[in-house]
Every structure is written in C-alpha cells, then in structure tokens.
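K.L.:
I'm passing along start-v9.pdb; it holds PDB, C-alpha atoms, pLDDT in the B column.
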```pdb
ATOM      1  CA  MET G  23       0.000   0.000   0.000  1.00 54.00           C
ATOM      2  CA  THR G  24       1.313   3.469  -0.860  1.00 57.00           C
ATOM      3  CA  TRP G  25       0.763   6.615   1.191  1.00 52.00           C
ATOM      4  CA  GLU G  26      -1.606   7.854  -1.534  1.00 59.00           C
ATOM      5  CA  GLN G  27      -3.767   4.721  -1.164  1.00 58.00           C
ATOM      6  CA  LEU G  28      -3.772   5.051   2.601  1.00 56.00           C
ATOM      7  CA  TRP G  29      -4.645   8.734   2.311  1.00 53.00           C
ATOM      8  CA  SER G  30      -7.479   8.146  -0.158  1.00 57.00           C
ATOM      9  CA  GLU G  31      -8.904   5.372   2.038  1.00 54.00           C
ATOM     10  CA  THR G  32      -8.665   7.391   5.230  1.00 53.00           C
ATOM     11  CA  THR G  33     -11.453   9.946   5.272  1.00 54.00           C
ATOM     12  CA  PHE G  34     -10.790  10.493   8.979  1.00 49.00           C
ATOM     13  CA  HIS G  35      -7.311  11.870   8.219  1.00 55.00           C
ATOM     14  CA  ASP G  36      -8.685  13.849   5.315  1.00 56.00           C
ATOM     15  CA  ARG G  37     -11.160  15.576   7.617  1.00 53.00           C
ATOM     16  CA  LEU G  38      -8.518  16.170  10.273  1.00 56.00           C
ATOM     17  CA  TRP G  39      -6.222  17.687   7.660  1.00 58.00           C
ATOM     18  CA  ASP G  40      -8.928  20.074   6.492  1.00 54.00           C
ATOM     19  CA  ILE G  41      -9.779  21.413   9.943  1.00 58.00           C
ATOM     20  CA  ASP G  42      -6.299  21.472  11.476  1.00 62.00           C
ATOM     21  CA  ASN G  43      -4.896  25.011  11.485  1.00 71.00           C
ATOM     22  CA  ARG G  44      -1.559  23.895  12.907  1.00 82.00           C
ATOM     23  CA  PRO G  45       1.378  23.609  10.515  1.00 89.00           C
ATOM     24  CA  ARG G  46       1.572  20.024   9.310  1.00 90.00           C
ATOM     25  CA  ALA G  47       3.219  17.955   6.596  1.00 93.00           C
ATOM     26  CA  PHE G  48       3.490  14.425   5.307  1.00 92.00           C
ATOM     27  CA  VAL G  49       7.073  13.507   4.476  1.00 95.00           C
ATOM     28  CA  ASN G  50       8.248  10.462   2.541  1.00 94.00           C
ATOM     29  CA  THR G  51      11.065   8.156   3.611  1.00 94.00           C
ATOM     30  CA  GLN G  52      13.526  10.189   1.505  1.00 94.00           C
ATOM     31  CA  ASN G  53      12.741  13.297   3.637  1.00 94.00           C
ATOM     32  CA  LYS G  54      10.754  15.002   0.855  1.00 96.00           C
ATOM     33  CA  PHE G  55       7.501  16.828   1.587  1.00 95.00           C
ATOM     34  CA  ILE G  56       4.615  14.998  -0.087  1.00 93.00           C
ATOM     35  CA  LYS G  57       1.674  16.907   1.415  1.00 90.00           C
ATOM     36  CA  VAL G  58       1.658  20.217   3.292  1.00 91.00           C
ATOM     37  CA  ASN G  59      -1.181  22.232   4.734  1.00 87.00           C
ATOM     38  CA  GLN G  60      -1.845  25.939   4.300  1.00 84.00           C
ATOM     39  CA  ALA G  61      -0.743  26.730   7.876  1.00 85.00           C
ATOM     40  CA  LEU G  62       2.774  25.426   7.143  1.00 90.00           C
ATOM     41  CA  CYS G  63       2.906  27.422   3.901  1.00 89.00           C
ATOM     42  CA  VAL G  64       1.920  30.607   5.745  1.00 85.00           C
ATOM     43  CA  LEU G  65       4.386  29.930   8.577  1.00 87.00           C
ATOM     44  CA  LEU G  66       7.342  29.407   6.236  1.00 91.00           C
ATOM     45  CA  GLY G  67       6.354  31.819   3.455  1.00 90.00           C
ATOM     46  CA  TYR G  68       6.417  29.199   0.695  1.00 93.00           C
ATOM     47  CA  THR G  69       3.670  28.180  -1.686  1.00 92.00           C
ATOM     48  CA  GLU G  70       2.450  24.605  -1.494  1.00 91.00           C
ATOM     49  CA  HIS G  71       4.199  23.826  -4.782  1.00 95.00           C
ATOM     50  CA  GLU G  72       7.505  25.275  -3.520  1.00 96.00           C
ATOM     51  CA  LEU G  73       7.408  23.197  -0.331  1.00 95.00           C
ATOM     52  CA  LEU G  74       6.544  20.029  -2.242  1.00 95.00           C
ATOM     53  CA  GLU G  75       9.796  20.510  -4.153  1.00 96.00           C
ATOM     54  CA  LYS G  76      11.810  20.569  -0.911  1.00 96.00           C
ATOM     55  CA  ARG G  77      13.162  18.161   1.672  1.00 95.00           C
ATOM     56  CA  TRP G  78      12.840  18.952   5.380  1.00 94.00           C
ATOM     57  CA  ASP G  79      16.609  19.196   5.761  1.00 94.00           C
ATOM     58  CA  GLU G  80      16.661  22.050   3.208  1.00 95.00           C
ATOM     59  CA  ILE G  81      14.604  24.277   5.515  1.00 95.00           C
ATOM     60  CA  SER G  82      16.193  23.091   8.784  1.00 94.00           C
ATOM     61  CA  ASP G  83      19.071  24.541  10.743  1.00 94.00           C
ATOM     62  CA  PRO G  84      22.047  22.368   9.660  1.00 94.00           C
ATOM     63  CA  THR G  85      23.019  21.836  13.300  1.00 94.00           C
ATOM     64  CA  ASP G  86      19.636  20.161  13.925  1.00 93.00           C
ATOM     65  CA  THR G  87      19.835  17.796  10.955  1.00 93.00           C
ATOM     66  CA  PRO G  88      22.063  15.034  12.444  1.00 94.00           C
ATOM     67  CA  HIS G  89      19.838  14.580  15.524  1.00 94.00           C
ATOM     68  CA  ASP G  90      16.652  14.759  13.449  1.00 94.00           C
ATOM     69  CA  GLN G  91      17.983  12.235  10.908  1.00 94.00           C
ATOM     70  CA  ALA G  92      19.048   9.894  13.751  1.00 95.00           C
ATOM     71  CA  GLU G  93      15.457   9.952  15.044  1.00 94.00           C
ATOM     72  CA  VAL G  94      14.102   9.308  11.523  1.00 95.00           C
ATOM     73  CA  ASN G  95      16.474   6.338  11.226  1.00 95.00           C
ATOM     74  CA  LYS G  96      15.041   4.889  14.477  1.00 95.00           C
ATOM     75  CA  LEU G  97      11.546   5.209  12.985  1.00 94.00           C
ATOM     76  CA  LEU G  98      12.674   3.487   9.788  1.00 94.00           C
ATOM     77  CA  ALA G  99      14.346   0.694  11.795  1.00 94.00           C
ATOM     78  CA  GLY G 100      11.133   0.146  13.744  1.00 91.00           C
ATOM     79  CA  THR G 101      12.642   0.855  17.159  1.00 93.00           C
ATOM     80  CA  ARG G 102      10.348   3.868  17.642  1.00 92.00           C
ATOM     81  CA  GLN G 103       6.887   4.858  16.487  1.00 92.00           C
ATOM     82  CA  SER G 104       7.267   8.618  16.977  1.00 93.00           C
ATOM     83  CA  TYR G 105       9.536  11.350  18.328  1.00 94.00           C
ATOM     84  CA  ALA G 106       9.471  15.012  19.276  1.00 93.00           C
ATOM     85  CA  MET G 107      12.275  17.542  19.289  1.00 93.00           C
ATOM     86  CA  SER G 108      13.020  21.242  19.374  1.00 92.00           C
ATOM     87  CA  LYS G 109      14.665  22.577  16.252  1.00 93.00           C
ATOM     88  CA  THR G 110      14.768  25.566  13.936  1.00 93.00           C
ATOM     89  CA  TYR G 111      13.190  25.925  10.513  1.00 94.00           C
ATOM     90  CA  PHE G 112      14.042  28.769   8.155  1.00 93.00           C
ATOM     91  CA  THR G 113      11.422  30.725   6.245  1.00 91.00           C
ATOM     92  CA  LYS G 114      11.676  31.426   2.544  1.00 92.00           C
ATOM     93  CA  ASN G 115      13.352  34.745   3.384  1.00 90.00           C
ATOM     94  CA  LYS G 116      15.834  32.892   5.700  1.00 92.00           C
ATOM     95  CA  SER G 117      14.320  34.051   9.018  1.00 89.00           C
ATOM     96  CA  PRO G 118      14.767  31.436  11.766  1.00 90.00           C
ATOM     97  CA  ILE G 119      11.682  30.002  13.462  1.00 89.00           C
ATOM     98  CA  PRO G 120      12.223  27.897  16.593  1.00 90.00           C
ATOM     99  CA  ILE G 121       9.720  25.034  16.586  1.00 91.00           C
ATOM    100  CA  THR G 122       8.761  21.839  18.325  1.00 91.00           C
ATOM    101  CA  LEU G 123       8.491  19.037  15.797  1.00 93.00           C
ATOM    102  CA  THR G 124       6.456  15.893  16.469  1.00 93.00           C
ATOM    103  CA  VAL G 125       6.812  13.074  13.940  1.00 95.00           C
ATOM    104  CA  HIS G 126       4.724   9.901  13.749  1.00 94.00           C
ATOM    105  CA  ALA G 127       5.476   7.015  11.364  1.00 93.00           C
ATOM    106  CA  PHE G 128       2.628   5.510   9.331  1.00 89.00           C
ATOM    107  CA  ARG G 129       3.341   1.880   8.489  1.00 90.00           C
ATOM    108  CA  ASN G 130       1.799  -0.767   6.244  1.00 87.00           C
ATOM    109  CA  GLU G 131       0.716  -4.231   7.354  1.00 87.00           C
ATOM    110  CA  ASP G 132       4.343  -5.441   7.016  1.00 89.00           C
ATOM    111  CA  ASN G 133       5.498  -2.692   9.451  1.00 89.00           C
ATOM    112  CA  VAL G 134       7.284  -0.794   6.673  1.00 91.00           C
ATOM    113  CA  VAL G 135       7.159   2.993   6.996  1.00 92.00           C
ATOM    114  CA  LEU G 136       4.971   4.529   4.296  1.00 90.00           C
ATOM    115  CA  PHE G 137       5.372   8.163   5.338  1.00 92.00           C
ATOM    116  CA  PHE G 138       5.805  10.440   8.325  1.00 94.00           C
ATOM    117  CA  ASP G 139       3.155  12.761   9.742  1.00 92.00           C
ATOM    118  CA  SER G 140       4.985  15.873  10.964  1.00 93.00           C
ATOM    119  CA  LYS G 141       3.278  18.394  13.209  1.00 92.00           C
ATOM    120  CA  ILE G 142       5.040  21.710  13.700  1.00 91.00           C
ATOM    121  CA  GLU G 143       4.397  24.006  16.644  1.00 88.00           C
ATOM    122  CA  PRO G 144       6.196  27.370  16.633  1.00 86.00           C
ATOM    123  CA  ASP G 145       7.762  27.995  20.046  1.00 79.00           C
ATOM    124  CA  LYS G 146       6.233  31.484  19.951  1.00 68.00           C
ATOM    125  CA  PRO G 147       2.859  32.100  18.342  1.00 57.00           C
ATOM    126  CA  MET G 148       3.557  33.541  14.909  1.00 54.00           C
ATOM    127  CA  ARG G 149       1.751  36.748  14.062  1.00 52.00           C
ATOM    128  CA  VAL G 150       1.505  38.899  10.976  1.00 51.00           C
ATOM    129  CA  GLN G 151       0.831  42.609  11.215  1.00 52.00           C
ATOM    130  CA  ILE G 152      -1.582  44.188   8.748  1.00 55.00           C
ATOM    131  CA  VAL G 153      -3.393  47.522   8.772  1.00 55.00           C
ATOM    132  CA  ASP G 154      -7.126  47.995   9.152  1.00 57.00           C
ATOM    133  CA  HIS G 155      -9.321  50.353   7.131  1.00 61.00           C
ATOM    134  CA  LYS G 156      -8.075  53.301   9.258  1.00 67.00           C
ATOM    135  CA  ASN G 157      -4.386  52.355   8.783  1.00 66.00           C
ATOM    136  CA  ASN G 158      -4.107  51.108  12.371  1.00 67.00           C
ATOM    137  CA  PRO G 159      -1.743  48.132  12.819  1.00 64.00           C
ATOM    138  CA  VAL G 160      -3.489  44.845  13.614  1.00 60.00           C
ATOM    139  CA  ASP G 161      -1.684  41.641  14.669  1.00 59.00           C
ATOM    140  CA  ILE G 162      -3.203  38.443  13.330  1.00 58.00           C
ATOM    141  CA  PRO G 163      -1.995  34.938  14.260  1.00 56.00           C
ATOM    142  CA  THR G 164      -0.704  32.999  11.249  1.00 53.00           C
ATOM    143  CA  SER G 165      -3.130  30.188  12.118  1.00 53.00           C
ATOM    144  CA  THR G 166      -5.995  32.639  11.503  1.00 53.00           C
ATOM    145  CA  LEU G 167      -4.465  33.696   8.189  1.00 51.00           C
ATOM    146  CA  ALA G 168      -4.082  30.044   7.206  1.00 52.00           C
ATOM    147  CA  TRP G 169      -7.737  29.414   8.021  1.00 50.00           C
ATOM    148  CA  ILE G 170      -8.791  32.453   5.992  1.00 52.00           C
ATOM    149  CA  ALA G 171      -6.610  31.386   3.045  1.00 53.00           C
ATOM    150  CA  LYS G 172      -7.751  27.763   3.265  1.00 50.00           C
ATOM    151  CA  ASN G 173     -11.397  28.743   3.302  1.00 49.00           C
ATOM    152  CA  LYS G 174     -10.878  31.443   0.675  1.00 47.00           C
ATOM    153  CA  ILE G 175     -12.514  34.098   2.806  1.00 45.00           C
ATOM    154  CA  ASN G 176     -11.940  37.654   1.666  1.00 46.00           C
ATOM    155  CA  LEU G 177      -9.849  39.380   4.341  1.00 48.00           C
ATOM    156  CA  VAL G 178     -11.956  42.541   4.047  1.00 46.00           C
ATOM    157  CA  ILE G 179     -15.137  40.573   4.717  1.00 47.00           C
ATOM    158  CA  ALA G 180     -13.483  38.738   7.623  1.00 49.00           C
ATOM    159  CA  GLY G 181     -12.272  42.050   9.048  1.00 51.00           C
ATOM    160  CA  THR G 182     -15.713  43.616   8.677  1.00 51.00           C
ATOM    161  CA  LEU G 183     -17.341  40.647  10.384  1.00 53.00           C
ATOM    162  CA  LEU G 184     -14.800  40.736  13.192  1.00 57.00           C
ATOM    163  CA  ALA G 185     -15.257  44.478  13.672  1.00 58.00           C
ATOM    164  CA  GLY G 186     -19.031  43.968  13.746  1.00 59.00           C
ATOM    165  CA  MET G 187     -18.733  41.222  16.359  1.00 63.00           C
ATOM    166  CA  ILE G 188     -16.446  43.342  18.523  1.00 64.00           C
ATOM    167  CA  THR G 189     -18.805  46.325  18.248  1.00 63.00           C
ATOM    168  CA  TRP G 190     -21.776  44.117  19.211  1.00 67.00           C
ATOM    169  CA  PHE G 191     -19.808  42.650  22.141  1.00 66.00           C
ATOM    170  CA  ILE G 192     -18.837  46.099  23.465  1.00 67.00           C
ATOM    171  CA  LYS G 193     -22.402  47.417  23.089  1.00 69.00           C
ATOM    172  CA  THR G 194     -23.734  44.335  24.894  1.00 71.00           C
ATOM    173  CA  LEU G 195     -21.244  44.725  27.736  1.00 67.00           C
ATOM    174  CA  PHE G 196     -22.114  48.422  28.028  1.00 64.00           C
ATOM    175  CA  ALA G 197     -25.847  47.622  28.088  1.00 69.00           C
ATOM    176  CA  ILE G 198     -25.288  44.980  30.793  1.00 70.00           C
ATOM    177  CA  TYR G 199     -23.203  47.452  32.777  1.00 63.00           C
ATOM    178  CA  GLU G 200     -25.875  50.161  32.457  1.00 67.00           C
ATOM    179  CA  ALA G 201     -28.632  47.723  33.384  1.00 66.00           C
ATOM    180  CA  GLY G 202     -26.664  46.569  36.413  1.00 62.00           C
ATOM    181  CA  ALA G 203     -25.859  50.155  37.429  1.00 56.00           C
ATOM    182  CA  ASN G 204     -29.554  51.114  37.133  1.00 58.00           C
ATOM    183  CA  ASN G 205     -30.639  48.111  39.213  1.00 57.00           C
ATOM    184  CA  VAL G 206     -28.129  48.910  41.963  1.00 51.00           C
ATOM    185  CA  GLY G 207     -29.175  52.517  42.095  1.00 51.00           C
ATOM    186  CA  VAL G 208     -25.815  54.012  41.168  1.00 45.00           C
TER
END
```
Give the structure from this file in structure tokens form.
P.N.:
Amino acid sequence: MTWEQLWSETTFHDRLWDIDNRPRAFVNTQNKFIKVNQALCVLLGYTEHELLEKRWDEISDPTDTPHDQAEVNKLLAGTRQSYAMSKTYFTKNKSPIPITLTVHAFRNEDNVVLFFDSKIEPDKPMRVQIVDHKNNPVDIPTSTLAWIAKNKINLVIAGTLLAGMITWFIKTLFAIYEAGANNVGV
C-alpha cells in the first residue's frame, strides 16, 4: 500500500487535515515533503508547490539535521513509532523560526514505513501585522491567516465581520453594565 492509497482510504485523516490550522506535513522516507497544509505554507512563506519541491533538511538549521535524521532512522528501523524535538526551521526569506516538531510514522501491514506525519508548533505564536481600514496596525496569528486562506474568505469581509462582532460585544457589555448600574441605584 502506498501513502496515496492510505490517504485516499482514510477519510478520517482527510477531515482532520482540512480542519487542522496547525502547521503540518506528510514527508516520505527520503525526507521530501509529499503533502503540506496551508498553515505550514503561511508559517514558512512558501507556496504549497515550492514546499513540495523541498526536503525537510533544506529548511532546517544544519546543526539540527544530524539529531533529526538519527530519530528518523530509528523510525525506519522500527525501534520507535514517533519522536518530538526542538529545532529551527528557516522561512523562505531565511528568518529562523524555533519550533517543536512531532513526527509519527505511518506503516503498512508489514510494518514498513509509508510516510511520516509531521506536526510543527512554533515555540512562539507567529503573528503577521496588517493595517485595518483606518491604517491602524493589527496583529493576526498565522493560524488565523491560514484558516482564511484555506477557506478562501476575503480578508476585508473577515475584518468587517470581526469588527461587527467586537462592536456588538462592546455594546452588549455596556448595556449589561448600564442595566446593572440602574438596578443597583448608582
């Protein structure tokens, strides 16, 4: 069975992939990315196509590669099922991003590794700064941007909806406060 067959037969993983806003990738046994989600693309600044042309060691800090490869070799040998480690990835523009990487091996019925499921957690929440309609800076987590990109939601519409929700929330809080103040006799 190939990873593609496993993927196509596993609707559970397909659904998880679609709703997971955390950076994630499937990597083959030659260390090449074979599937990446939008959150990983946003985090690293690459397009999906660009990442699918790369190997994980090409975006990793070279000092992390020997330890990471040793852990991959343990997965391939069957002595481990998964591992986690701290390491550094580099974005497309060469900015370092400290991450925690968790890798799980998917195996066939003969216990041969088909591919690795890699989950990437930035050590610090990644944020992007944009400006709102009044040119005020607004920080947005990259996971939110990935969700917006994945769901093809127009950022202006999302911003308008968010501003409307915040306005409603503030008005509601103010009304509750006024109602409480009137009931107390203040």
K.L.:
Mind telling me what the PyMOL selection byres ((chain G and resi 130-138) around 6) catches here, as a ChimeraX atom specification?
P.N.:
/G:25,48-51,126-129,139
K.L.:
Take the PyMOL selection byres ((chain G and resi 117) around 12), apply it to the structure above, and return the hits as a list in words.
P.N.:
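Matching residues under the PyMOL selection byres ((chain G and resi 117) around 12) are Leu65, Leu66, Gly67, Ile81, Ser82, Asp83, Thr110, Tyr111, Phe112, Thr113, Lys114, Asn115, Lys116, Pro118, Ile119 and Pro120 of chain G.
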K.L.:
State, in Å with one decimal place, the distance from CA of Asp90 (chain G) to CA of Asn53 (chain G).
P.N.:
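For CA of Asp90 (chain G) relative to CA of Asn53 (chain G), the distance reads 10.7 Å.
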K.L.:
Name every residue that the PyMOL selection byres ((chain G and resi 71) around 12) selects in this structure, writing the answer as a ChimeraX atom specification with chains first and numbers rising.
P.N.:
/G:55-60,63,67-70,72-76
K.L.:
Figure out the distance between CA of Tyr105 (chain G) and CA of Ala61 (chain G), please, to one decimal in Å.
P.N.:
21.2 Å
K.L.:
Between G:Arg46, G:Lys141, G:Arg77, G:His89, which is the closest to Leu123 (chain G) once you count only C-alpha atoms?
P.N.:
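Result for the nearest residue to Leu123 (chain G): G:Lys141.
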K.L.:
If I take CA of Ala99 (chain G) and CA of Thr122 (chain G), how far is one from the other in Å, to one decimal?
P.N.:
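Separation of CA of Ala99 (chain G) and CA of Thr122 (chain G): 22.8 Å.
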K.L.:
Which of these, G:Lys54, G:Asp145, G:Ser108, G:Ile121, has the shortest distance to Glu80 (chain G) once you count all atoms listed in the file?
P.N.:
G:Lys54
